[in-house]
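Since the structure comes first, as structure tokens, the remarks are kept for the end.
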Amino acid sequence: MSDLLYSEIEEELRSSVRDLLTDHCPPSAVLAGCESREPYDLALWRSLAAELGAAGLQVPEEYGGAGASLRETAVVMEELGRSVAPVPFLGSAVLATTALLACPASDLLPALAEGARTAVLAVPLSTAPGAAFPSGVRADGNGALTGRLTSVADALTADVLLVPAVDADGPGLYAVEASATGLGVVRRTSLDLTRPLADVTLEGVPARKLAGADTAPAALERALLTGAGLLASEQLGIAEWCLGTTVAYLKERKQFGRALGSFQAIKHRLADLWLETVGARAAARYAADALAGESPDAALAVAVAQAHCGALAVRAAEECVQLHGGIGMTWEHPAHLYLKRAKADQIALGTPGHHRNALAGLVDLPGPVD
Amino acid sequence: MSDLLYSEIEEELRSSVRDLLTDHCPPSAVLAGCESREPYDLALWRSLAAELGAAGLQVPEEYGGAGASLRETAVVMEELGRSVAPVPFLGSAVLATTALLACPASDLLPALAEGARTAVLAVPLSTAPGAAFPSGVRADGNGALTGRLTSVADALTADVLLVPAVDADGPGLYAVEASATGLGVVRRTSLDLTRPLADVTLEGVPARKLAGADTAPAALERALLTGAGLLASEQLGIAEWCLGTTVAYLKERKQFGRALGSFQAIKHRLADLWLETVGARAAARYAADALAGESPDAALAVAVAQAHCGALAVRAAEECVQLHGGIGMTWEHPAHLYLKRAKADQIALGTPGHHRNALAGLVDLPGPVD
Amino acid sequence: MSEMDIRTVVRAFLAEHDPATTDRLDFLRARFDAGLAWVHFPVGLGGLGAPRALQAEVDAELAAAGAPDNDPRRIGIGLGMAAPTILRFGTEEQKSRFLRPLWTGEEVWCQLFSEPGAGSDLAALGTRAVRDGDGWVVDGQKVWTSSAHTARWAILIARTDPDVPKHRGITYFICDMTDPGIEVRPLRQITGEAEFNEVFLTGVRIPDAHRLGAVGEGWQVAQTTLNNERVAIGGQAIPREGGMVGVVADTWRRRPELRTHELHQRLLKAWLEAEVARLTGERLRQQLTVGQPGPEGAAMKLAFARLAQELSGLEVELLGEEGLAYDDWTMTRPEIVDFNGREAGYRYLRAKGNSIEGGTSEILRNIIAERVLGLPAEPRTDKDLPWKELAR
Amino acid sequence: MSEMDIRTVVRAFLAEHDPATTDRLDFLRARFDAGLAWVHFPVGLGGLGAPRALQAEVDAELAAAGAPDNDPRRIGIGLGMAAPTILRFGTEEQKSRFLRPLWTGEEVWCQLFSEPGAGSDLAALGTRAVRDGDGWVVDGQKVWTSSAHTARWAILIARTDPDVPKHRGITYFICDMTDPGIEVRPLRQITGEAEFNEVFLTGVRIPDAHRLGAVGEGWQVAQTTLNNERVAIGGQAIPREGGMVGVVADTWRRRPELRTHELHQRLLKAWLEAEVARLTGERLRQQLTVGQPGPEGAAMKLAFARLAQELSGLEVELLGEEGLAYDDWTMTRPEIVDFNGREAGYRYLRAKGNSIEGGTSEILRNIIAERVLGLPAEPRTDKDLPWKELAR
């Protein structure tokens with residue numbers, strides 16, 4: 001059986017990340033950031049990436065990374081979820097970095113690993129593992145890209161876009177510099193205030209081919225599967241914040257002459273939520289461990305973790321709003337930041353329903369023959 | 001909009017039936033009856049049918065019935081559900097009588113209407129409206145039947161069996177006397193202790209044809225739809241008994257120095273259950289009214305009522321067992337009679353899932369194209 | 001009075017007041033004076049003392065004739081809460097003064113009940129009203145007040161006696177929203193808009209003639225308001241697929257490419273629940289064609305909130321990539337909540353409030369358990385303590 | 001001690017005791033004496049003072065060698081509840097006397113805790129134990145006692161002081177089930193069988209040497225028993241698709257004609273929950289490889305009960321017409337509960353008990369809320385009252 005606990009090193013990493021976020025990313029700052037024109041806190045990103053080395057955890061030392069694994073990366077995701085931190089970690093350190101690690105060309109890795117640059121895998125955030133290779137962008141004979149990609153997370157501030165495109169040889173993965181001529185990156189109004197989306201248009205944009213038909217589809221799939229698996233850790237972090245914040249509030253808030261948290265109906269709901277959160281921790285840990293070890297069980301572990309954690313984070317955030325009563329409906333209370341992130345995460349990289357359905361194939365529980 | 005209330009006449013009928021059942025069919029008597037060799041309380045049946053005229057409510061006066069409607073029949077079903085009464089009402093007064101009313105031959109009706117004889121529609125209790133015409137029994141050129149039908153409710157004491165069979169002209173409905181040679185009616189051990197099932201075997205059994213290819217399928221379908229719709233009233237009765245009994249127990253039973261019913265988690269669950277029960281009453285009434293008026297909305301009304309009430313009765317019975325604690329798990333407490341009836345009713349005449357799925361076609365909400 | 005009779009009355013009214021040529025406000029005032037505003041109200045107060053059920057007939061006849069309505073969504077608090085309370089507890093003078101402009105929409109009403117420290121436990125409220133000559137002086141803070149910025153009048157509950165247990169020291173007032181002591185601040189919600197307000201009351205003067213009910217009996221008066229609010233929120237007659245379910249069903253039909261078996265099962269389940277809730281409401285209305293609403297109204301509000309949340313959450317998932325978008329975060333101050341005028345993300349967020357506003361779903365379950373099922377109350381320590389000694 | 005070390009010990013033991021030629025009971029006794037019964041117990045009491053996690057290694061090695069086991073399902077109460085309590089609170093004499101025949105299965109144990117009037121509120125129990133010379137005399141009624149008819153010994157809690165609050169007047173005993181004052185009556189359940197018993201105690205004599213823990217401290221002792229019970233019920237290591245989910249998945253695979261989309265979605269959901277529960281349990285075991293079980297055990301029992309009920313209900317529906325049947329209503333007195341040896345209807349009914357026996361799911365949620373989440377207790381009126389003055 002896998003190790004479902006956290007190692008001492010992982011706990012130390014968690015504690016450093018949490019300290020950083022507590023200092024630089026309190027809810028008030030996140031909320032203020034949402035209303036500014038700057039979608040991300042790039043100072044925070046630099047601290048996270050450069051000082052703590054979080055961006056390069058899964059990158060081997062030979063490419064300037066920490067040579068740790070996806071287990072440690074998952075710990076960072078947990079903490080970022082707990083703070084709904086506005087940093088491009090999922091896009092750059094998880095999706096793009098994983099894709100690059102599976103490509104023959106590796107020269108982009110060092111800059112990403114040290115956080116000097118950020119990259120993004122240019123697919124809609126809602127793309128699930130197992131999706132067909134995107135056909136919305138075509139590459140001409142010179143490797144210039146034309147086409148459109150919508151709802152790309154973390155693209156607004158990315159220095160490099162990794163664009164799946166189809167050329168004469170079939171599917172390929174191309175690198176496009178953010179400064180390239182003919183590239184348009186337009187912000188969308190997104191439900192999740194803390195992870196903005198952008199639409200990307202390419203009109204004959206010069207690009208460099210990173211992987212061809214033999215490796216590009218596998219690199220994309222590995223990135224999506226890894227993203228989905230690690231998103232479960234982010235969702236765990238969201239759920240834990242929501243549960244913890246709600247419990248703390250209900251211990252304090254008095255109605256009818258006693259703490260609201262002493263009412264049994266509230267207690268039982270929170271006990272159930274706690275139980276699901278404990279389950280989420282086990283499932284998310286298992287997914288991270290299976291991905292880190294490239295276990296044959298990884299696809300199943302990811303499906304289980306996403307299906308469970310994706311639904312849980314939403315439920316936890318919804319309970320957080322509800323049990324805060326009116327105050328939870330106000331813009332000034334941070335609960336909504338978590339609700340919006342949780343709801344968007346539910347769609348990101350495959351809905352819980354999608355992942356549950358994937359189980360049918362993975363564990364031989366086929367549906368009816370219509 | 002339909003009349004979803006109970007008329008004064010309906011309330012009087014309810015009150016007569018309830019009085020009879022309170023006197024002759026307390027839970028202790030039902031439990032004792034289950035352990036005897038007599039599957040039904042035929043004395044009770046005679047009082048119900050002969051004295052109150054309950055068996056012939058939907059039968060026109062010209063055939064010896066009360067000339068009332070399925071609305072009143074539904075009220076009887078509610079009360080029988082509330083008492084898990086061991087009488088062949090569903091089989092004889094609902095399914096068989098409805099089928100006969102849709103057949104050209106009507107000579108069997110008077111005896112059924114006055115309760116002098118009982119009949120049964122010989123199909124598995126799990127048959128849902130919309131099912132294909134059964135092909136398990138064949139009629140030869142002389143109208144003799146051969147074949148097998150399983151899990152028929154109320155067949156053990158029936159005087160006449162209405163058997164769907166296929167002959168040279170196609171589907172037909174045949175009447176078979178219980179005393180006929182070659183007929184075997186064998187009791188099964190059933191989950192529901194108060195509505196026994198039997199398997200029926202026919203080996204060249206003489207039979208009389210009641211309806212041919214032009215009317216038999218419609219008669220069968222009308223019977224199944226009506227049975228499903230009125231079963232919702234039985235399920236409502238079950239749910240109301242379970243809710244009422246549980247509430248009464250929790251007002252009395254003290255733990256931790258106070259009535260269990262004063263604990264908020266329990267209260268909230270019962271409030272939710274009450275809300276679903278109120279919904280069941282509206283849905284069951286609507287189905288009975290739509291069937292009584294042969295409304296074009298009847299199929300939809302039945303699907304809604306069955307899908308809701310079928311699930312509710314089980315939930316109410318399960319909550320009844322759980323909230324009675326250990327005592328609810330004992331054979332001597334009547335809760336299990338309701339649990340078993342509710343669970344069997346959930347399968348009878350189509351599961352809630354089946355009926356919910358029927359909505360897809362009825363209200364134009366088609367599933368995905370695989 | 002029968003349906004036939006009422007139709008005759010409406011036609012006679014229409015013969016004298018042609019909607020095509022009569023000024024809107026004149027038409028509404030005349031309709032009120034003819035007793036066709038709310039037929040179950042008494043004669044002289046906009047009604048005919050007729051069965052409530054006949055109102056639907058009146059509305060339909062008038063709508064068919066192209067008559068203007070009083071834009072009920074804009075004045076929902078007046079119609080749904082203030083009016084039934086004034087009718088039941090108001091003096092003759094109050095009824096004559098307030099009901100007509102309330103119904104015609106000339107005067108908008110709002111409700112000053114909730115406070116930051118008194119939400120579910122509304123009876124714990126701390127806004128003080130102190131006797132001063134032939135009137136009262138009010139100081140305190142209210143919250144979750146919709147329409148406060150457009151309202152002419154408010155229904156207000158305030159504490160007039162802090163020395164008795166909380167339910168007994170409350171008095172119910174009609175408050176003039178133009179009083180200089182009133183400050184209204186928009187309260188931004190998670191949807192981005194500010195549908196509600198915070199209201200600060202500083203030395204607000206209310207004449208004793210604007211008291212509704214006896215001094216110290218405001219809690220009983222407020223029960224009428226709250227029961228009517230719940231009926232107003234959860235108890236409207238709706239056609240099949242009315243409300244949120246229709247929006248989702250429509251998307252489902254138009255967009256076959258979005259369908260999955262998982263979503264299909266959830267949609268069928270929600271559709272079923274919506275239809276059962278609709279039938280439940282219909283049955284309740286058949287039972288309540290006359291009489292005051294009871295605790296059953298709470299049940300409909302509970303069902304409505306659950307459905308709105310389930311369906312709006314489902315809708316966002318169904319839309320997939322499109323569900324990641326939001327239409328507009330700009331802070332606006334809408335006069336009307338229109339779930340259908342905005343996109344899925346808005347509906348999802350706004351529906352979260354349905355289980356909080358007008359009584360949380362938790363409080364409604366308490367009400368059902370205790371008042372309908374008769375389950376015993378929880379041990380209470382706050383009921384007999386003077387308000388000023390309560391734990392906060 | 002490492003896995004390697006323990007394997008060496010087991011092999012040395014097997015070299016001296018060939019399972020093929022050694023009498024079963026002799027083998028088990030020898031295994032106990034070699035410290036291979038429960039390796040985390042102290043040396044001399046069936047253990048080696050080794051980490052609990054190594055037990056799996058020992059069991060696997062012995063099983064591979066064809067060794068007999070102690071039929072743990074038959075003696076579950078002894079192993080899961082009596083043993084850890086005796087180990088923690090027993091005197092040296094009690095440990096030496098009771099643990100060996102308990103483990104080998106020579107002496108079966110049962111538990112005399114619940115009473116008709118004290119279920120969830122176990123501390124309200126009324127069975128009296130009165131001091132009499134160097135012993136005690138016990139009178140009362142217990143219920144829900146499995147194995148009472150086969151048991152040699154019972155763990156018993158009884159009231160020794162009615163004048164103090166209920167938690168403080170309880171004492172914990174070891175009770176001889178062959179005492180003539182004990183009458184055991186089978187208690188038939190909704191499944192038809194009588195897995196449990198009612199036990200009537202009339203003038204039962206217990207020597208003071210069979211008291212476990214101090215007089216009046218029985219409640220604290222019982223907590224150890226109950227926490228261990230919950231771990232025993234909900235905390236076993238299970239393979240993927242172990243338990244009820246495997247039964248249903250198997251039927252699903254074998255019977256394609258029964259499948260519908262509705263059932264498919266429910267099955268996938270339940271399968272997912274079962275896998276998450278399995279991982280949760282595994283993570284808990286990794287955390288608890290040493291140390292006493294805490295309230296987390298309650299969580300696993302809660303999850304297990306919910307799953308068993310969901311899946312067994314689903315199975316009956318999946319079977320359709322076959323789900324209407326039952327295998328056998330004959331009243332039997334099984335020694336072992338075997339969910340898999342019976343048919344779907346039995347599993348459905350028996351699983352209803354999973355959320356009641358060993359602490360109802362309601363009580364477990366209270367425990368999680370208060371002991372894990374630290375939410376405040378409800379106002380209690382019964383905690384400080386003398387037991388004899390409690391409302392019943």
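Just so we're on the same page: first chain in the structure tokens is A, next is B, and so on; residues restart at 1 for each chain, and ligands are numbered from 1 in the order they show up.
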
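In this structure, the chain D residues at most 6 Å away from chain A are Arg259, Thr260, His264, Val276, Leu279, Thr280, Arg283, Arg365, Ile368, Ala369, Leu375, Pro376, Ala377 and Glu378 of chain D, with only C-alpha atoms considered.
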
Those residues with N, CA, C and O atoms, as a PDB file, in the first residue's frame please?
```pdb
ATOM      1  N   ARG D 259     -28.983  -4.054 -15.761  1.00  0.00           N
ATOM      2  CA  ARG D 259     -28.423  -2.696 -15.659  1.00  0.00           C
ATOM      3  C   ARG D 259     -29.345  -1.615 -16.207  1.00  0.00           C
ATOM      4  O   ARG D 259     -29.994  -1.802 -17.221  1.00  0.00           O
ATOM      5  N   THR D 260     -29.385  -0.487 -15.490  1.00  0.00           N
ATOM      6  CA  THR D 260     -30.017   0.727 -16.022  1.00  0.00           C
ATOM      7  C   THR D 260     -29.062   1.890 -15.748  1.00  0.00           C
ATOM      8  O   THR D 260     -28.155   1.775 -14.912  1.00  0.00           O
ATOM      9  N   HIS D 264     -26.702   2.464 -12.571  1.00  0.00           N
ATOM     10  CA  HIS D 264     -25.279   2.599 -12.880  1.00  0.00           C
ATOM     11  C   HIS D 264     -24.675   3.795 -12.152  1.00  0.00           C
ATOM     12  O   HIS D 264     -23.610   3.699 -11.532  1.00  0.00           O
ATOM     13  N   VAL D 276     -13.101   5.425  -1.244  1.00  0.00           N
ATOM     14  CA  VAL D 276     -12.639   6.520  -0.384  1.00  0.00           C
ATOM     15  C   VAL D 276     -12.626   6.058   1.077  1.00  0.00           C
ATOM     16  O   VAL D 276     -11.677   6.339   1.814  1.00  0.00           O
ATOM     17  N   LEU D 279      -9.587   3.890   1.564  1.00  0.00           N
ATOM     18  CA  LEU D 279      -8.360   4.684   1.671  1.00  0.00           C
ATOM     19  C   LEU D 279      -8.306   5.416   3.011  1.00  0.00           C
ATOM     20  O   LEU D 279      -7.239   5.545   3.621  1.00  0.00           O
ATOM     21  N   THR D 280      -9.474   5.888   3.462  1.00  0.00           N
ATOM     22  CA  THR D 280      -9.520   6.585   4.749  1.00  0.00           C
ATOM     23  C   THR D 280      -9.098   5.647   5.868  1.00  0.00           C
ATOM     24  O   THR D 280      -8.303   6.006   6.741  1.00  0.00           O
ATOM     25  N   ARG D 283      -5.387   5.012   5.711  1.00  0.00           N
ATOM     26  CA  ARG D 283      -4.613   6.141   6.225  1.00  0.00           C
ATOM     27  C   ARG D 283      -4.683   6.175   7.761  1.00  0.00           C
ATOM     28  O   ARG D 283      -3.685   6.409   8.437  1.00  0.00           O
ATOM     29  N   ARG D 365     -21.923  10.893  15.442  1.00  0.00           N
ATOM     30  CA  ARG D 365     -21.769  12.263  14.935  1.00  0.00           C
ATOM     31  C   ARG D 365     -21.569  13.248  16.092  1.00  0.00           C
ATOM     32  O   ARG D 365     -20.796  14.192  15.966  1.00  0.00           O
ATOM     33  N   ILE D 368     -17.914  12.934  17.071  1.00  0.00           N
ATOM     34  CA  ILE D 368     -17.018  13.622  16.133  1.00  0.00           C
ATOM     35  C   ILE D 368     -17.106  15.136  16.329  1.00  0.00           C
ATOM     36  O   ILE D 368     -16.094  15.828  16.404  1.00  0.00           O
ATOM     37  N   ALA D 369     -18.336  15.625  16.419  1.00  0.00           N
ATOM     38  CA  ALA D 369     -18.517  17.076  16.516  1.00  0.00           C
ATOM     39  C   ALA D 369     -17.868  17.629  17.778  1.00  0.00           C
ATOM     40  O   ALA D 369     -17.229  18.681  17.752  1.00  0.00           O
ATOM     41  N   LEU D 375     -16.655  21.288  18.916  1.00  0.00           N
ATOM     42  CA  LEU D 375     -17.864  22.112  19.038  1.00  0.00           C
ATOM     43  C   LEU D 375     -18.413  21.982  20.456  1.00  0.00           C
ATOM     44  O   LEU D 375     -18.280  20.934  21.092  1.00  0.00           O
ATOM     45  N   PRO D 376     -19.046  23.044  20.928  1.00  0.00           N
ATOM     46  CA  PRO D 376     -19.518  23.020  22.316  1.00  0.00           C
ATOM     47  C   PRO D 376     -20.636  21.992  22.514  1.00  0.00           C
ATOM     48  O   PRO D 376     -21.428  21.744  21.610  1.00  0.00           O
ATOM     49  N   ALA D 377     -20.682  21.417  23.714  1.00  0.00           N
ATOM     50  CA  ALA D 377     -21.732  20.460  24.057  1.00  0.00           C
ATOM     51  C   ALA D 377     -23.066  21.171  24.109  1.00  0.00           C
ATOM     52  O   ALA D 377     -23.140  22.386  24.293  1.00  0.00           O
ATOM     53  N   GLU D 378     -24.130  20.410  23.946  1.00  0.00           N
ATOM     54  CA  GLU D 378     -25.456  20.982  24.135  1.00  0.00           C
ATOM     55  C   GLU D 378     -25.671  21.245  25.616  1.00  0.00           C
ATOM     56  O   GLU D 378     -25.048  20.624  26.462  1.00  0.00           O
TER      57      GLU D 378
END
```

Residues of chain D within 12 Å of chain C, counting only C-alpha atoms, as an NGL selection string: :D and (260-269 or 378-382)

Export of the given selection (all heavy atoms) as a CSV table (one decimal), in the first residue's frame:
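Written output follows (result.csv):
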```csv
chain,number,residue,atom,x,y,z
D,260,THR,N,-29.4,-0.5,-15.5
D,260,THR,CA,-30.0,0.7,-16.0
D,260,THR,C,-29.1,1.9,-15.7
D,260,THR,O,-28.2,1.8,-14.9
D,260,THR,CB,-31.4,1.0,-15.3
D,260,THR,OG1,-31.1,1.5,-14.0
D,260,THR,CG2,-32.3,-0.1,-15.3
D,261,HIS,N,-29.3,3.0,-16.4
D,261,HIS,CA,-28.4,4.2,-16.2
D,261,HIS,C,-28.6,4.7,-14.8
D,261,HIS,O,-27.6,5.1,-14.2
D,261,HIS,CB,-28.7,5.3,-17.2
D,261,HIS,CG,-28.2,5.0,-18.6
D,261,HIS,ND1,-26.9,4.9,-18.9
D,261,HIS,CD2,-28.9,4.7,-19.7
D,261,HIS,CE1,-26.7,4.6,-20.1
D,261,HIS,NE2,-27.9,4.4,-20.7
D,262,GLU,N,-29.8,4.6,-14.3
D,262,GLU,CA,-30.0,5.1,-12.9
D,262,GLU,C,-29.2,4.3,-11.9
D,262,GLU,O,-28.5,4.9,-11.1
D,262,GLU,CB,-31.5,5.1,-12.6
D,262,GLU,CG,-31.9,5.7,-11.3
D,262,GLU,CD,-32.4,4.8,-10.2
D,262,GLU,OE1,-32.6,3.6,-10.5
D,262,GLU,OE2,-32.6,5.2,-9.1
D,263,LEU,N,-29.3,3.0,-12.0
D,263,LEU,CA,-28.6,2.1,-11.1
D,263,LEU,C,-27.1,2.3,-11.3
D,263,LEU,O,-26.3,2.2,-10.4
D,263,LEU,CB,-29.0,0.7,-11.3
D,263,LEU,CG,-30.5,0.4,-10.9
D,263,LEU,CD1,-30.9,-1.0,-11.4
D,263,LEU,CD2,-30.6,0.5,-9.4
D,264,HIS,N,-26.7,2.5,-12.6
D,264,HIS,CA,-25.3,2.6,-12.9
D,264,HIS,C,-24.7,3.8,-12.2
D,264,HIS,O,-23.6,3.7,-11.5
D,264,HIS,CB,-25.1,2.8,-14.4
D,264,HIS,CG,-23.7,2.6,-14.9
D,264,HIS,ND1,-23.1,3.4,-15.8
D,264,HIS,CD2,-22.7,1.8,-14.5
D,264,HIS,CE1,-21.9,3.1,-16.0
D,264,HIS,NE2,-21.6,2.1,-15.2
D,265,GLN,N,-25.4,4.9,-12.2
D,265,GLN,CA,-24.9,6.1,-11.5
D,265,GLN,C,-24.8,5.9,-10.0
D,265,GLN,O,-23.8,6.3,-9.4
D,265,GLN,CB,-25.8,7.3,-11.8
D,265,GLN,CG,-25.7,7.8,-13.3
D,265,GLN,CD,-24.3,8.2,-13.7
D,265,GLN,OE1,-23.6,8.9,-12.9
D,265,GLN,NE2,-23.9,7.9,-14.9
D,266,ARG,N,-25.8,5.2,-9.5
D,266,ARG,CA,-25.7,5.0,-8.0
D,266,ARG,C,-24.6,4.0,-7.7
D,266,ARG,O,-24.0,4.2,-6.6
D,266,ARG,CB,-27.1,4.4,-7.6
D,266,ARG,CG,-28.1,5.5,-7.5
D,266,ARG,CD,-29.5,5.0,-7.4
D,266,ARG,NE,-29.7,4.2,-6.2
D,266,ARG,CZ,-30.8,3.4,-6.0
D,266,ARG,NH1,-31.8,3.3,-6.9
D,266,ARG,NH2,-30.9,2.7,-4.9
D,267,LEU,N,-24.4,3.0,-8.5
D,267,LEU,CA,-23.4,2.0,-8.2
D,267,LEU,C,-22.0,2.7,-8.3
D,267,LEU,O,-21.1,2.5,-7.4
D,267,LEU,CB,-23.4,0.9,-9.2
D,267,LEU,CG,-22.3,-0.2,-9.1
D,267,LEU,CD1,-22.3,-0.8,-7.7
D,267,LEU,CD2,-22.4,-1.2,-10.2
D,268,LEU,N,-21.8,3.5,-9.3
D,268,LEU,CA,-20.5,4.2,-9.4
D,268,LEU,C,-20.3,5.1,-8.2
D,268,LEU,O,-19.1,5.2,-7.7
D,268,LEU,CB,-20.4,5.1,-10.7
D,268,LEU,CG,-20.4,4.3,-12.0
D,268,LEU,CD1,-20.5,5.2,-13.2
D,268,LEU,CD2,-19.1,3.4,-12.1
D,269,LYS,N,-21.3,5.8,-7.8
D,269,LYS,CA,-21.2,6.7,-6.6
D,269,LYS,C,-20.8,5.8,-5.4
D,269,LYS,O,-20.0,6.2,-4.6
D,269,LYS,CB,-22.5,7.4,-6.4
D,269,LYS,CG,-22.4,8.7,-5.7
D,269,LYS,CD,-23.7,9.5,-5.9
D,269,LYS,CE,-23.6,10.8,-5.2
D,269,LYS,NZ,-24.7,11.7,-5.7
D,378,GLU,N,-24.1,20.4,23.9
D,378,GLU,CA,-25.5,21.0,24.1
D,378,GLU,C,-25.7,21.2,25.6
D,378,GLU,O,-25.0,20.6,26.5
D,378,GLU,CB,-26.5,20.0,23.7
D,378,GLU,CG,-26.4,19.8,22.2
D,378,GLU,CD,-27.7,19.2,21.6
D,378,GLU,OE1,-28.7,19.9,21.7
D,378,GLU,OE2,-27.7,18.1,21.2
D,379,PRO,N,-26.6,22.2,25.9
D,379,PRO,CA,-26.9,22.3,27.3
D,379,PRO,C,-27.4,21.0,27.9
D,379,PRO,O,-28.3,20.4,27.3
D,379,PRO,CB,-28.1,23.4,27.3
D,379,PRO,CG,-28.4,23.7,25.9
D,379,PRO,CD,-27.4,23.0,25.0
D,380,ARG,N,-26.9,20.6,29.0
D,380,ARG,CA,-27.2,19.3,29.6
D,380,ARG,C,-27.8,19.5,30.9
D,380,ARG,O,-27.3,20.3,31.7
D,380,ARG,CB,-26.0,18.4,29.7
D,380,ARG,CG,-25.4,17.9,28.4
D,380,ARG,CD,-26.1,16.8,27.9
D,380,ARG,NE,-25.9,15.6,28.6
D,380,ARG,CZ,-25.0,14.6,28.4
D,380,ARG,NH1,-24.2,14.7,27.4
D,380,ARG,NH2,-24.9,13.5,29.1
D,381,THR,N,-28.9,18.8,31.2
D,381,THR,CA,-29.5,18.9,32.5
D,381,THR,C,-29.2,17.7,33.3
D,381,THR,O,-29.5,17.6,34.5
D,381,THR,CB,-31.1,19.1,32.4
D,381,THR,OG1,-31.5,17.9,31.6
D,381,THR,CG2,-31.4,20.3,31.7
D,382,ASP,N,-28.7,16.6,32.6
D,382,ASP,CA,-28.6,15.3,33.3
D,382,ASP,C,-27.2,15.0,33.9
D,382,ASP,O,-27.0,14.1,34.5
D,382,ASP,CB,-29.0,14.2,32.3
D,382,ASP,CG,-28.1,14.2,31.1
D,382,ASP,OD1,-27.6,15.3,30.7
D,382,ASP,OD2,-27.8,13.1,30.6
```

Could you pull the residues within 8 Å of Ala175 of chain B, counting only C-alpha atoms, minus those fewer than 3 positions along the same chain, as a PDB file with N, CA and C atoms, in the first residue's frame?
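Listing of result_4.pdb after writing:
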```
ATOM      1  N   VAL B 160     -59.911 -16.475  -9.320  1.00  0.00           N
ATOM      2  CA  VAL B 160     -59.738 -16.424 -10.776  1.00  0.00           C
ATOM      3  C   VAL B 160     -58.410 -15.759 -11.081  1.00  0.00           C
ATOM      4  N   LEU B 161     -57.721 -16.288 -12.084  1.00  0.00           N
ATOM      5  CA  LEU B 161     -56.494 -15.645 -12.536  1.00  0.00           C
ATOM      6  C   LEU B 161     -56.710 -15.091 -13.934  1.00  0.00           C
ATOM      7  N   LEU B 162     -56.368 -13.824 -14.127  1.00  0.00           N
ATOM      8  CA  LEU B 162     -56.412 -13.238 -15.464  1.00  0.00           C
ATOM      9  C   LEU B 162     -55.000 -13.368 -16.040  1.00  0.00           C
ATOM     10  N   VAL B 163     -54.896 -14.225 -17.055  1.00  0.00           N
ATOM     11  CA  VAL B 163     -53.559 -14.580 -17.536  1.00  0.00           C
ATOM     12  C   VAL B 163     -53.323 -13.978 -18.915  1.00  0.00           C
ATOM     13  N   ALA B 207     -59.076 -22.402 -20.224  1.00  0.00           N
ATOM     14  CA  ALA B 207     -59.217 -20.980 -19.925  1.00  0.00           C
ATOM     15  C   ALA B 207     -60.238 -20.355 -20.855  1.00  0.00           C
ATOM     16  N   ARG B 208     -60.752 -19.217 -20.441  1.00  0.00           N
ATOM     17  CA  ARG B 208     -61.732 -18.511 -21.239  1.00  0.00           C
ATOM     18  C   ARG B 208     -61.114 -17.195 -21.696  1.00  0.00           C
ATOM     19  N   LYS B 209     -61.243 -16.909 -22.979  1.00  0.00           N
ATOM     20  CA  LYS B 209     -60.604 -15.708 -23.509  1.00  0.00           C
ATOM     21  C   LYS B 209     -61.478 -14.486 -23.231  1.00  0.00           C
ATOM     22  N   LEU B 210     -60.869 -13.487 -22.590  1.00  0.00           N
ATOM     23  CA  LEU B 210     -61.620 -12.273 -22.238  1.00  0.00           C
ATOM     24  C   LEU B 210     -61.390 -11.145 -23.225  1.00  0.00           C
TER      25      LEU B 210
END
```

Segment 4-189 of chain C: residues DSSP assigns to strand (DSSP E or B), reported as a ChimeraX atom specification: /C:43,47,109-112,115,118,128-132,135-142,153-159,165,170-176,182-187,189

All residues 8 Å or closer to Leu258 of chain C, only C-alpha atoms, same chain fewer than 3 positions away omitted, as a count of residues only: 5

Shell around segment 213-222 of chain D at 9 Å using only C-alpha atoms, local window under 3 positions removed, as a ChimeraX atom specification: /D:85,88-91,113,123,157-161,167-173,225-227
